[in-house]
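Pasted below: input36.cif, mmCIF, C-alpha atoms.
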data_run
#
loop_
_atom_site.group_PDB
_atom_site.id
_atom_site.type_symbol
_atom_site.label_atom_id
_atom_site.label_comp_id
_atom_site.auth_asym_id
_atom_site.auth_seq_id
_atom_site.Cartn_x
_atom_site.Cartn_y
_atom_site.Cartn_z
ATOM 1 C CA MET A 1009 0.000 0.000 0.000
ATOM 2 C CA GLY A 1010 1.113 3.585 -0.670
ATOM 3 C CA LEU A 1011 1.943 6.123 1.987
ATOM 4 C CA LEU A 1012 -1.247 8.057 1.179
ATOM 5 C CA ALA A 1013 -3.650 5.185 0.517
ATOM 6 C CA GLY A 1014 -7.206 6.204 1.377
ATOM 7 C CA LYS A 1015 -6.376 9.910 1.647
ATOM 8 C CA VAL A 1016 -7.786 12.785 -0.400
ATOM 9 C CA ALA A 1017 -5.582 15.710 -1.432
ATOM 10 C CA LEU A 1018 -6.624 19.114 -2.741
ATOM 11 C CA ILE A 1019 -3.863 20.993 -4.593
ATOM 12 C CA THR A 1020 -4.140 24.510 -6.004
ATOM 13 C CA GLY A 1021 -2.354 25.445 -9.215
ATOM 14 C CA ALA A 1022 -1.464 21.897 -10.218
ATOM 15 C CA THR A 1023 -1.275 21.807 -14.005
ATOM 16 C CA ARG A 1024 2.444 22.500 -14.273
ATOM 17 C CA GLY A 1025 5.736 22.573 -12.393
ATOM 18 C CA ILE A 1026 5.764 21.832 -8.684
ATOM 19 C CA GLY A 1027 1.995 21.469 -8.356
ATOM 20 C CA ARG A 1028 1.836 18.875 -11.110
ATOM 21 C CA ALA A 1029 4.743 16.905 -9.641
ATOM 22 C CA ILE A 1030 3.039 16.853 -6.246
ATOM 23 C CA ALA A 1031 -0.254 15.697 -7.740
ATOM 24 C CA LEU A 1032 1.439 12.803 -9.541
ATOM 25 C CA LYS A 1033 3.520 11.881 -6.488
ATOM 26 C CA TYR A 1034 0.442 11.781 -4.258
ATOM 27 C CA ALA A 1035 -1.487 9.697 -6.790
ATOM 28 C CA SER A 1036 1.419 7.248 -7.075
ATOM 29 C CA GLU A 1037 1.219 6.794 -3.299
ATOM 30 C CA GLY A 1038 -2.509 6.021 -3.356
ATOM 31 C CA ALA A 1039 -4.212 9.380 -2.788
ATOM 32 C CA ASP A 1040 -7.262 10.605 -4.644
ATOM 33 C CA VAL A 1041 -6.439 14.051 -6.020
ATOM 34 C CA ALA A 1042 -8.577 17.126 -6.601
ATOM 35 C CA PHE A 1043 -6.808 20.111 -8.071
ATOM 36 C CA THR A 1044 -7.419 23.616 -9.337
ATOM 37 C CA TYR A 1045 -6.149 25.386 -12.404
ATOM 38 C CA ARG A 1046 -6.792 28.790 -13.921
ATOM 39 C CA SER A 1047 -6.535 28.553 -17.696
ATOM 40 C CA GLN A 1048 -4.581 25.491 -18.862
ATOM 41 C CA THR A 1049 -7.552 23.291 -19.720
ATOM 42 C CA GLU A 1050 -5.627 20.887 -21.947
ATOM 43 C CA ALA A 1051 -2.995 20.354 -19.251
ATOM 44 C CA ALA A 1052 -5.746 19.764 -16.679
ATOM 45 C CA VAL A 1053 -7.361 17.086 -18.836
ATOM 46 C CA SER A 1054 -3.993 15.417 -19.360
ATOM 47 C CA LEU A 1055 -3.141 15.473 -15.651
ATOM 48 C CA THR A 1056 -6.541 14.038 -14.732
ATOM 49 C CA ALA A 1057 -5.962 11.141 -17.121
ATOM 50 C CA GLU A 1058 -2.458 10.490 -15.751
ATOM 51 C CA ILE A 1059 -3.747 10.403 -12.179
ATOM 52 C CA GLU A 1060 -6.665 8.106 -12.996
ATOM 53 C CA ALA A 1061 -4.304 5.760 -14.845
ATOM 54 C CA MET A 1062 -2.687 5.086 -11.459
ATOM 55 C CA GLY A 1063 -5.958 3.620 -10.179
ATOM 56 C CA VAL A 1064 -7.089 6.546 -8.029
ATOM 57 C CA ARG A 1065 -9.724 9.231 -8.518
ATOM 58 C CA ALA A 1066 -9.099 12.736 -9.819
ATOM 59 C CA LYS A 1067 -11.143 15.864 -10.402
ATOM 60 C CA ALA A 1068 -10.050 19.193 -11.871
ATOM 61 C CA TYR A 1069 -11.608 22.565 -11.026
ATOM 62 C CA GLN A 1070 -11.100 25.616 -13.203
ATOM 63 C CA SER A 1071 -11.034 28.570 -10.866
ATOM 64 C CA ASP A 1072 -9.285 31.727 -9.766
ATOM 65 C CA ALA A 1073 -7.758 30.661 -6.439
ATOM 66 C CA ALA A 1074 -7.953 34.274 -5.227
ATOM 67 C CA ASP A 1075 -11.765 34.157 -5.394
ATOM 68 C CA PHE A 1076 -13.043 33.545 -1.853
ATOM 69 C CA GLY A 1077 -16.485 32.264 -2.844
ATOM 70 C CA ALA A 1078 -15.122 29.998 -5.571
ATOM 71 C CA ALA A 1079 -12.648 28.443 -3.126
ATOM 72 C CA HIS A 1080 -15.440 27.590 -0.713
ATOM 73 C CA ASP A 1081 -17.565 26.136 -3.508
ATOM 74 C CA ILE A 1082 -14.662 23.930 -4.626
ATOM 75 C CA VAL A 1083 -14.003 22.653 -1.113
ATOM 76 C CA ALA A 1084 -17.693 21.862 -0.623
ATOM 77 C CA ASP A 1085 -17.733 19.916 -3.885
ATOM 78 C CA VAL A 1086 -14.526 18.023 -3.070
ATOM 79 C CA LYS A 1087 -16.046 17.030 0.269
ATOM 80 C CA ALA A 1088 -19.249 15.907 -1.457
ATOM 81 C CA VAL A 1089 -17.470 13.934 -4.200
ATOM 82 C CA PHE A 1090 -14.624 12.361 -2.211
ATOM 83 C CA GLY A 1091 -16.111 12.274 1.301
ATOM 84 C CA HIS A 1092 -13.243 13.941 3.136
ATOM 85 C CA ILE A 1093 -10.180 16.170 2.665
ATOM 86 C CA ASP A 1094 -6.964 15.043 4.324
ATOM 87 C CA ILE A 1095 -4.329 17.174 2.600
ATOM 88 C CA LEU A 1096 -4.405 20.757 1.340
ATOM 89 C CA VAL A 1097 -1.488 22.045 -0.726
ATOM 90 C CA ASN A 1098 -1.566 25.789 -1.387
ATOM 91 C CA ASN A 1099 0.655 25.948 -4.445
ATOM 92 C CA ALA A 1100 -1.014 28.549 -6.700
ATOM 93 C CA GLY A 1101 1.416 31.371 -7.355
ATOM 94 C CA ILE A 1102 2.635 33.981 -9.817
ATOM 95 C CA THR A 1103 5.456 36.497 -10.147
ATOM 96 C CA LYS A 1104 5.283 40.068 -11.449
ATOM 97 C CA ASP A 1105 8.777 41.313 -10.687
ATOM 98 C CA ALA A 1106 9.912 44.927 -10.549
ATOM 99 C CA LEU A 1107 11.966 47.161 -8.340
ATOM 100 C CA MET A 1108 9.792 48.844 -5.709
ATOM 101 C CA MET A 1109 10.171 52.294 -7.288
ATOM 102 C CA ARG A 1110 8.843 50.913 -10.576
ATOM 103 C CA MET A 1111 6.238 48.520 -9.207
ATOM 104 C CA ASP A 1112 2.653 49.609 -9.782
ATOM 105 C CA GLU A 1113 -0.250 48.844 -7.501
ATOM 106 C CA GLN A 1114 -1.676 46.228 -9.830
ATOM 107 C CA GLN A 1115 1.563 44.216 -9.772
ATOM 108 C CA TRP A 1116 1.490 44.264 -5.971
ATOM 109 C CA ASP A 1117 -2.181 43.356 -5.680
ATOM 110 C CA ASP A 1118 -2.085 40.577 -8.279
ATOM 111 C CA VAL A 1119 0.813 38.764 -6.600
ATOM 112 C CA LEU A 1120 -0.521 39.154 -3.052
ATOM 113 C CA ASN A 1121 -3.996 38.004 -4.097
ATOM 114 C CA THR A 1122 -2.813 34.948 -6.005
ATOM 115 C CA ASN A 1123 -0.022 33.865 -3.675
ATOM 116 C CA LEU A 1124 -1.335 34.773 -0.216
ATOM 117 C CA LYS A 1125 -5.063 35.467 -0.309
ATOM 118 C CA SER A 1126 -5.672 32.220 -2.182
ATOM 119 C CA ALA A 1127 -4.080 30.302 0.686
ATOM 120 C CA TYR A 1128 -6.316 32.113 3.168
ATOM 121 C CA ASN A 1129 -9.338 31.261 1.022
ATOM 122 C CA PHE A 1130 -8.643 27.528 0.913
ATOM 123 C CA ILE A 1131 -7.483 27.256 4.528
ATOM 124 C CA HIS A 1132 -10.625 29.095 5.629
ATOM 125 C CA ALA A 1133 -12.744 26.624 3.645
ATOM 126 C CA CYS A 1134 -10.831 23.447 4.571
ATOM 127 C CA THR A 1135 -10.228 23.867 8.293
ATOM 128 C CA PRO A 1136 -13.867 23.232 9.302
ATOM 129 C CA VAL A 1137 -13.806 19.983 7.299
ATOM 130 C CA MET A 1138 -10.490 18.908 8.823
ATOM 131 C CA ALA A 1139 -11.559 19.974 12.312
ATOM 132 C CA ARG A 1140 -14.599 17.695 12.158
ATOM 133 C CA GLN A 1141 -12.299 14.861 11.051
ATOM 134 C CA ARG A 1142 -9.800 15.855 13.772
ATOM 135 C CA SER A 1143 -7.024 15.376 11.260
ATOM 136 C CA GLY A 1144 -5.444 17.088 8.293
ATOM 137 C CA SER A 1145 -2.186 18.323 6.803
ATOM 138 C CA ILE A 1146 -1.915 21.807 5.300
ATOM 139 C CA ILE A 1147 1.161 22.477 3.177
ATOM 140 C CA ASN A 1148 1.885 26.024 2.028
ATOM 141 C CA MET A 1149 4.364 26.545 -0.785
ATOM 142 C CA THR A 1150 6.546 29.466 0.260
ATOM 143 C CA SER A 1151 10.046 30.211 -1.114
ATOM 144 C CA VAL A 1152 13.587 30.937 -0.004
ATOM 145 C CA VAL A 1153 12.741 34.444 -1.194
ATOM 146 C CA GLY A 1154 10.095 34.596 1.527
ATOM 147 C CA VAL A 1155 12.761 33.720 4.093
ATOM 148 C CA SER A 1156 15.587 35.979 2.921
ATOM 149 C CA GLY A 1157 14.022 38.491 0.520
ATOM 150 C CA ASN A 1158 15.221 39.374 -2.972
ATOM 151 C CA ALA A 1159 15.764 42.630 -4.809
ATOM 152 C CA GLY A 1160 13.177 43.192 -7.513
ATOM 153 C CA GLN A 1161 10.668 40.825 -5.898
ATOM 154 C CA CYS A 1162 9.193 42.795 -3.014
ATOM 155 C CA ASN A 1163 5.663 41.698 -3.843
ATOM 156 C CA TYR A 1164 6.614 38.039 -4.267
ATOM 157 C CA ALA A 1165 8.799 38.021 -1.132
ATOM 158 C CA ALA A 1166 6.046 39.663 0.927
ATOM 159 C CA SER A 1167 3.482 37.119 -0.257
ATOM 160 C CA LYS A 1168 5.763 34.189 0.520
ATOM 161 C CA ALA A 1169 6.804 35.573 3.912
ATOM 162 C CA GLY A 1170 3.109 36.044 4.653
ATOM 163 C CA LEU A 1171 2.527 32.363 3.958
ATOM 164 C CA ILE A 1172 5.080 31.497 6.636
ATOM 165 C CA GLY A 1173 3.324 33.632 9.241
ATOM 166 C CA LEU A 1174 -0.046 32.256 8.188
ATOM 167 C CA SER A 1175 1.165 28.679 8.374
ATOM 168 C CA LYS A 1176 2.745 29.021 11.803
ATOM 169 C CA SER A 1177 -0.392 30.703 13.147
ATOM 170 C CA ILE A 1178 -2.652 27.953 11.785
ATOM 171 C CA ALA A 1179 -0.372 25.358 13.382
ATOM 172 C CA LYS A 1180 -0.981 26.999 16.757
ATOM 173 C CA GLU A 1181 -4.695 27.558 16.229
ATOM 174 C CA MET A 1182 -5.579 24.124 14.866
ATOM 175 C CA GLY A 1183 -3.075 21.746 16.478
ATOM 176 C CA ALA A 1184 -5.563 20.748 19.154
ATOM 177 C CA ARG A 1185 -7.902 19.590 16.378
ATOM 178 C CA GLY A 1186 -5.269 17.323 14.883
ATOM 179 C CA ILE A 1187 -4.482 19.650 11.978
ATOM 180 C CA ARG A 1188 -0.848 20.212 11.030
ATOM 181 C CA SER A 1189 0.397 23.186 9.019
ATOM 182 C CA ASN A 1190 3.842 23.464 7.439
ATOM 183 C CA CYS A 1191 5.677 25.304 4.681
ATOM 184 C CA ILE A 1192 8.037 24.174 1.970
ATOM 185 C CA ALA A 1193 10.522 26.810 0.802
ATOM 186 C CA PRO A 1194 11.861 25.794 -2.623
ATOM 187 C CA GLY A 1195 15.009 27.414 -3.912
ATOM 188 C CA PHE A 1196 15.989 27.551 -7.566
ATOM 189 C CA ILE A 1197 13.710 24.934 -9.136
ATOM 190 C CA ALA A 1198 13.657 24.116 -12.856
ATOM 191 C CA THR A 1199 10.101 25.080 -13.860
ATOM 192 C CA ASP A 1200 8.471 27.118 -16.613
ATOM 193 C CA MET A 1201 8.851 30.156 -14.370
ATOM 194 C CA THR A 1202 12.629 29.820 -13.962
ATOM 195 C CA GLY A 1203 13.000 28.543 -17.516
ATOM 196 C CA ALA A 1204 12.110 32.012 -18.752
ATOM 197 C CA LEU A 1205 15.326 33.381 -17.229
ATOM 198 C CA PRO A 1206 18.372 33.918 -19.459
ATOM 199 C CA GLU A 1207 20.914 31.079 -19.442
ATOM 200 C CA GLU A 1208 23.640 33.226 -17.838
ATOM 201 C CA ILE A 1209 21.375 34.103 -14.914
ATOM 202 C CA ARG A 1210 20.470 30.450 -14.345
ATOM 203 C CA LYS A 1211 24.169 29.532 -14.308
ATOM 204 C CA GLU A 1212 24.925 32.284 -11.797
ATOM 205 C CA TRP A 1213 22.182 30.962 -9.533
ATOM 206 C CA GLU A 1214 23.590 27.432 -9.717
ATOM 207 C CA LYS A 1215 27.043 28.672 -8.671
ATOM 208 C CA GLN A 1216 25.487 29.895 -5.412
ATOM 209 C CA ILE A 1217 23.966 26.498 -4.600
ATOM 210 C CA PRO A 1218 26.149 24.107 -2.558
ATOM 211 C CA LEU A 1219 24.785 21.100 -4.468
ATOM 212 C CA ARG A 1220 25.690 22.905 -7.702
ATOM 213 C CA ARG A 1221 22.419 22.272 -9.491
ATOM 214 C CA GLY A 1222 18.931 23.585 -9.668
ATOM 215 C CA GLY A 1223 16.240 21.513 -8.054
ATOM 216 C CA THR A 1224 13.462 19.666 -9.851
ATOM 217 C CA PRO A 1225 9.734 19.701 -9.163
ATOM 218 C CA GLU A 1226 10.135 16.066 -8.093
ATOM 219 C CA ASP A 1227 12.625 17.137 -5.407
ATOM 220 C CA VAL A 1228 9.940 19.367 -3.909
ATOM 221 C CA ALA A 1229 7.261 16.706 -4.350
ATOM 222 C CA GLY A 1230 9.282 14.343 -2.172
ATOM 223 C CA VAL A 1231 9.187 16.844 0.692
ATOM 224 C CA ALA A 1232 5.475 17.387 0.099
ATOM 225 C CA LEU A 1233 4.919 13.626 0.350
ATOM 226 C CA PHE A 1234 6.696 13.535 3.707
ATOM 227 C CA LEU A 1235 4.567 16.385 5.079
ATOM 228 C CA ALA A 1236 1.344 14.847 3.763
ATOM 229 C CA SER A 1237 2.030 11.394 5.160
ATOM 230 C CA ASP A 1238 1.970 9.994 8.672
ATOM 231 C CA MET A 1239 5.783 10.022 8.629
ATOM 232 C CA SER A 1240 5.499 13.677 9.677
ATOM 233 C CA ALA A 1241 2.745 13.139 12.248
ATOM 234 C CA TYR A 1242 4.648 15.171 14.878
ATOM 235 C CA VAL A 1243 5.813 17.937 12.537
ATOM 236 C CA THR A 1244 3.881 21.211 12.462
ATOM 237 C CA GLY A 1245 4.600 24.918 12.264
ATOM 238 C CA GLN A 1246 7.829 24.331 10.357
ATOM 239 C CA VAL A 1247 9.473 25.720 7.229
ATOM 240 C CA ILE A 1248 11.435 23.095 5.320
ATOM 241 C CA ASN A 1249 13.919 24.553 2.857
ATOM 242 C CA CYS A 1250 14.236 22.520 -0.350
ATOM 243 C CA CYS A 1251 17.016 24.520 -1.939
ATOM 244 C CA GLY A 1252 20.185 22.431 -2.294
ATOM 245 C CA GLY A 1253 21.739 24.321 0.600
ATOM 246 C CA MET A 1254 21.200 27.703 -1.022
ATOM 247 C CA ASN A 1255 19.620 29.117 2.142
ATOM 248 C CA CYS A 1256 21.687 27.289 4.757
#

The structure in this file should be written as structure tokens.
Amino acid sequence: MGLLAGKVALITGATRGIGRAIALKYASEGADVAFTYRSQTEAAVSLTAEIEAMGVRAKAYQSDAADFGAAHDIVADVKAVFGHIDILVNNAGITKDALMMRMDEQQWDDVLNTNLKSAYNFIHACTPVMARQRSGSIINMTSVVGVSGNAGQCNYAASKAGLIGLSKSIAKEMGARGIRSNCIAPGFIATDMTGALPEEIRKEWEKQIPLRRGGTPEDVAGVALFLASDMSAYVTGQVINCCGGMNC
């Protein structure tokens, strides 16, 4: 049996990169997977088929994760379809980088709404379900940038640092109900987002990493599996860096 046999996971922003790797990892370990996506319908159909091919159930929801009402509707439907929700992964995220002096209000609001408010929306909707079960694992995808900051990414860093504070607070609020809340802080991970960077910048990043390579979405998915499974039953309120030593 898999580490997540019989469990149901809800993952936001799962049609590419880290979210997709987590969805496939969870399915391979026996979890039924519900996931959200914003616009990549073809990728959502493909991911659903890949998950179901592993012998578990899957359902995709097209939605803006920053929409409070939509998040609650999705959670209600997941509960109705699958019966329970054991794992919530808040992975939806965007970047709109600029130096503070050049950053407009829309760039700030878009990143904070997608990266931070979406997590609030889904945690707000899921915690009553998990509290009644007296169990649940919430995993918030932060970043090494949220831990240490980064020039040109004030909005992104603020959103990711906010996830850390949110996660630690939920751990303290909901621990008595059997709900755990942790963060994963990826470093330089090879995704579509980092793939858009010029080759020379990617090489400079890799020189700063003790393991001398960028990470993969599967590297992060392995940490997400640990936090979702009973192997981490006594782990809550923590930030696990998955960065090849970049932030050590």

query = Quick one: which residues end up in the PyMOL selection byres ((chain A and resi 1079) around 10) for this structure, as a PyMOL selection string?
reply = chain A and resi 1020+1044+1069+1071-1078+1080-1085+1126-1134

key: Chain and number of each residue from the PyMOL selection byres ((chain A and resi 1056) around 12), as a PyMOL selection string   = chain A and resi 1022-1023+1028+1031-1032+1035+1040-1045+1049-1055+1057-1069

Could you dump the residues just selected with C-alpha atoms as a short mmCIF file (atom, residue, chain, number, x, y, z; two decimals), in the frame of the given file?
data_model
loop_
_atom_site.label_atom_id
_atom_site.label_comp_id
_atom_site.auth_asym_id
_atom_site.auth_seq_id
_atom_site.Cartn_x
_atom_site.Cartn_y
_atom_site.Cartn_z
CA ALA A 1022 -1.46 21.90 -10.22
CA THR A 1023 -1.27 21.81 -14.00
CA ARG A 1028 1.84 18.88 -11.11
CA ALA A 1031 -0.25 15.70 -7.74
CA LEU A 1032 1.44 12.80 -9.54
CA ALA A 1035 -1.49 9.70 -6.79
CA ASP A 1040 -7.26 10.60 -4.64
CA VAL A 1041 -6.44 14.05 -6.02
CA ALA A 1042 -8.58 17.13 -6.60
CA PHE A 1043 -6.81 20.11 -8.07
CA THR A 1044 -7.42 23.62 -9.34
CA TYR A 1045 -6.15 25.39 -12.40
CA THR A 1049 -7.55 23.29 -19.72
CA GLU A 1050 -5.63 20.89 -21.95
CA ALA A 1051 -3.00 20.35 -19.25
CA ALA A 1052 -5.75 19.76 -16.68
CA VAL A 1053 -7.36 17.09 -18.84
CA SER A 1054 -3.99 15.42 -19.36
CA LEU A 1055 -3.14 15.47 -15.65
CA ALA A 1057 -5.96 11.14 -17.12
CA GLU A 1058 -2.46 10.49 -15.75
CA ILE A 1059 -3.75 10.40 -12.18
CA GLU A 1060 -6.66 8.11 -13.00
CA ALA A 1061 -4.30 5.76 -14.84
CA MET A 1062 -2.69 5.09 -11.46
CA GLY A 1063 -5.96 3.62 -10.18
CA VAL A 1064 -7.09 6.55 -8.03
CA ARG A 1065 -9.72 9.23 -8.52
CA ALA A 1066 -9.10 12.74 -9.82
CA LYS A 1067 -11.14 15.86 -10.40
CA ALA A 1068 -10.05 19.19 -11.87
CA TYR A 1069 -11.61 22.56 -11.03
#

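Shortest separation to Ser1177 of chain A among A:Ala1013, A:Ala1088, A:Ala1159, A:Ile1146 occurs at residue A:Ile1146, atoms counted being only C-alpha atoms.
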
message = as JSON, numbers by chain, please: the residues near segment 1137-1144 of chain A (cut-off 7 Å, only C-alpha atoms, same-chain neighbours under 2 positions excluded).
response = {"A": [1093, 1094, 1095, 1134, 1135, 1146, 1185, 1186, 1187, 1188]}

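Here the question is which of A:Val1089, A:Val1231, A:Ala1236, A:Ile1192 gets nearest to Met1149 of chain A using all atoms listed in the file, and that residue is A:Ile1192.
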
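Rounded to one decimal, atom CA of Gly1223 of chain A and atom CA of Ile1197 of chain A lie 4.4 Å from each other.
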
task = Could you tell me which of A:Leu1219, A:Ala1232, A:Val1153, A:Leu1107 comes closest to Gly1027 of chain A if we count all atoms listed in the file?
result = A:Ala1232

message = One number please: atom CA of Phe1090 of chain A to atom CA of Ile1248 of chain A, in Å, one decimal.
response = 29.2 Å

note = Here atom CA of Ile1178 of chain A and atom CA of Asn1190 of chain A stand apart by 9.0 Å

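Distance check against Gly1183 of chain A using all atoms listed in the file: of A:Gly1245, A:Gly1101, A:Gly1253, A:Gly1010, the minimum falls on A:Gly1245.
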
key: Shell around Gly1154 of chain A at 6 Å using all atoms listed in the file, local window under 3 positions removed, as a list of chain:residue names   = A:Ser1151, A:Gly1157, A:Ala1165, A:Lys1168, A:Ala1169

Selection to disk with C-alpha atoms, as a tab-separated table (two decimals), in the coordinates of the input:
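For reference, part_14.tsv as written:
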chain	number	residue	atom	x	y	z
A	1151	SER	CA	10.05	30.21	-1.11
A	1157	GLY	CA	14.02	38.49	0.52
A	1165	ALA	CA	8.80	38.02	-1.13
A	1168	LYS	CA	5.76	34.19	0.52
A	1169	ALA	CA	6.80	35.57	3.91

ask   = Near Thr1199 of chain A, counting all atoms listed in the file, which residues have an atom at most 12 Å away, once you skip same-chain residues fewer than 3 positions from it, shown as a ChimeraX atom specification?
value = /A:1023-1029,1194-1196,1202-1205,1210,1222-1228

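Near Ser1167 of chain A, within a cut-off of 8 Å and counting only C-alpha atoms, sit the residues Val1119, Leu1120, Asn1123, Leu1124, Gly1154, Asn1163 and Leu1171 of chain A, with same-chain residues fewer than 4 positions away left out.
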
Selection under test: the PyMOL selection byres ((chain A and resi 1148) around 6); residues as a PyMOL selection string = chain A and resi 1097-1098+1147+1149+1191
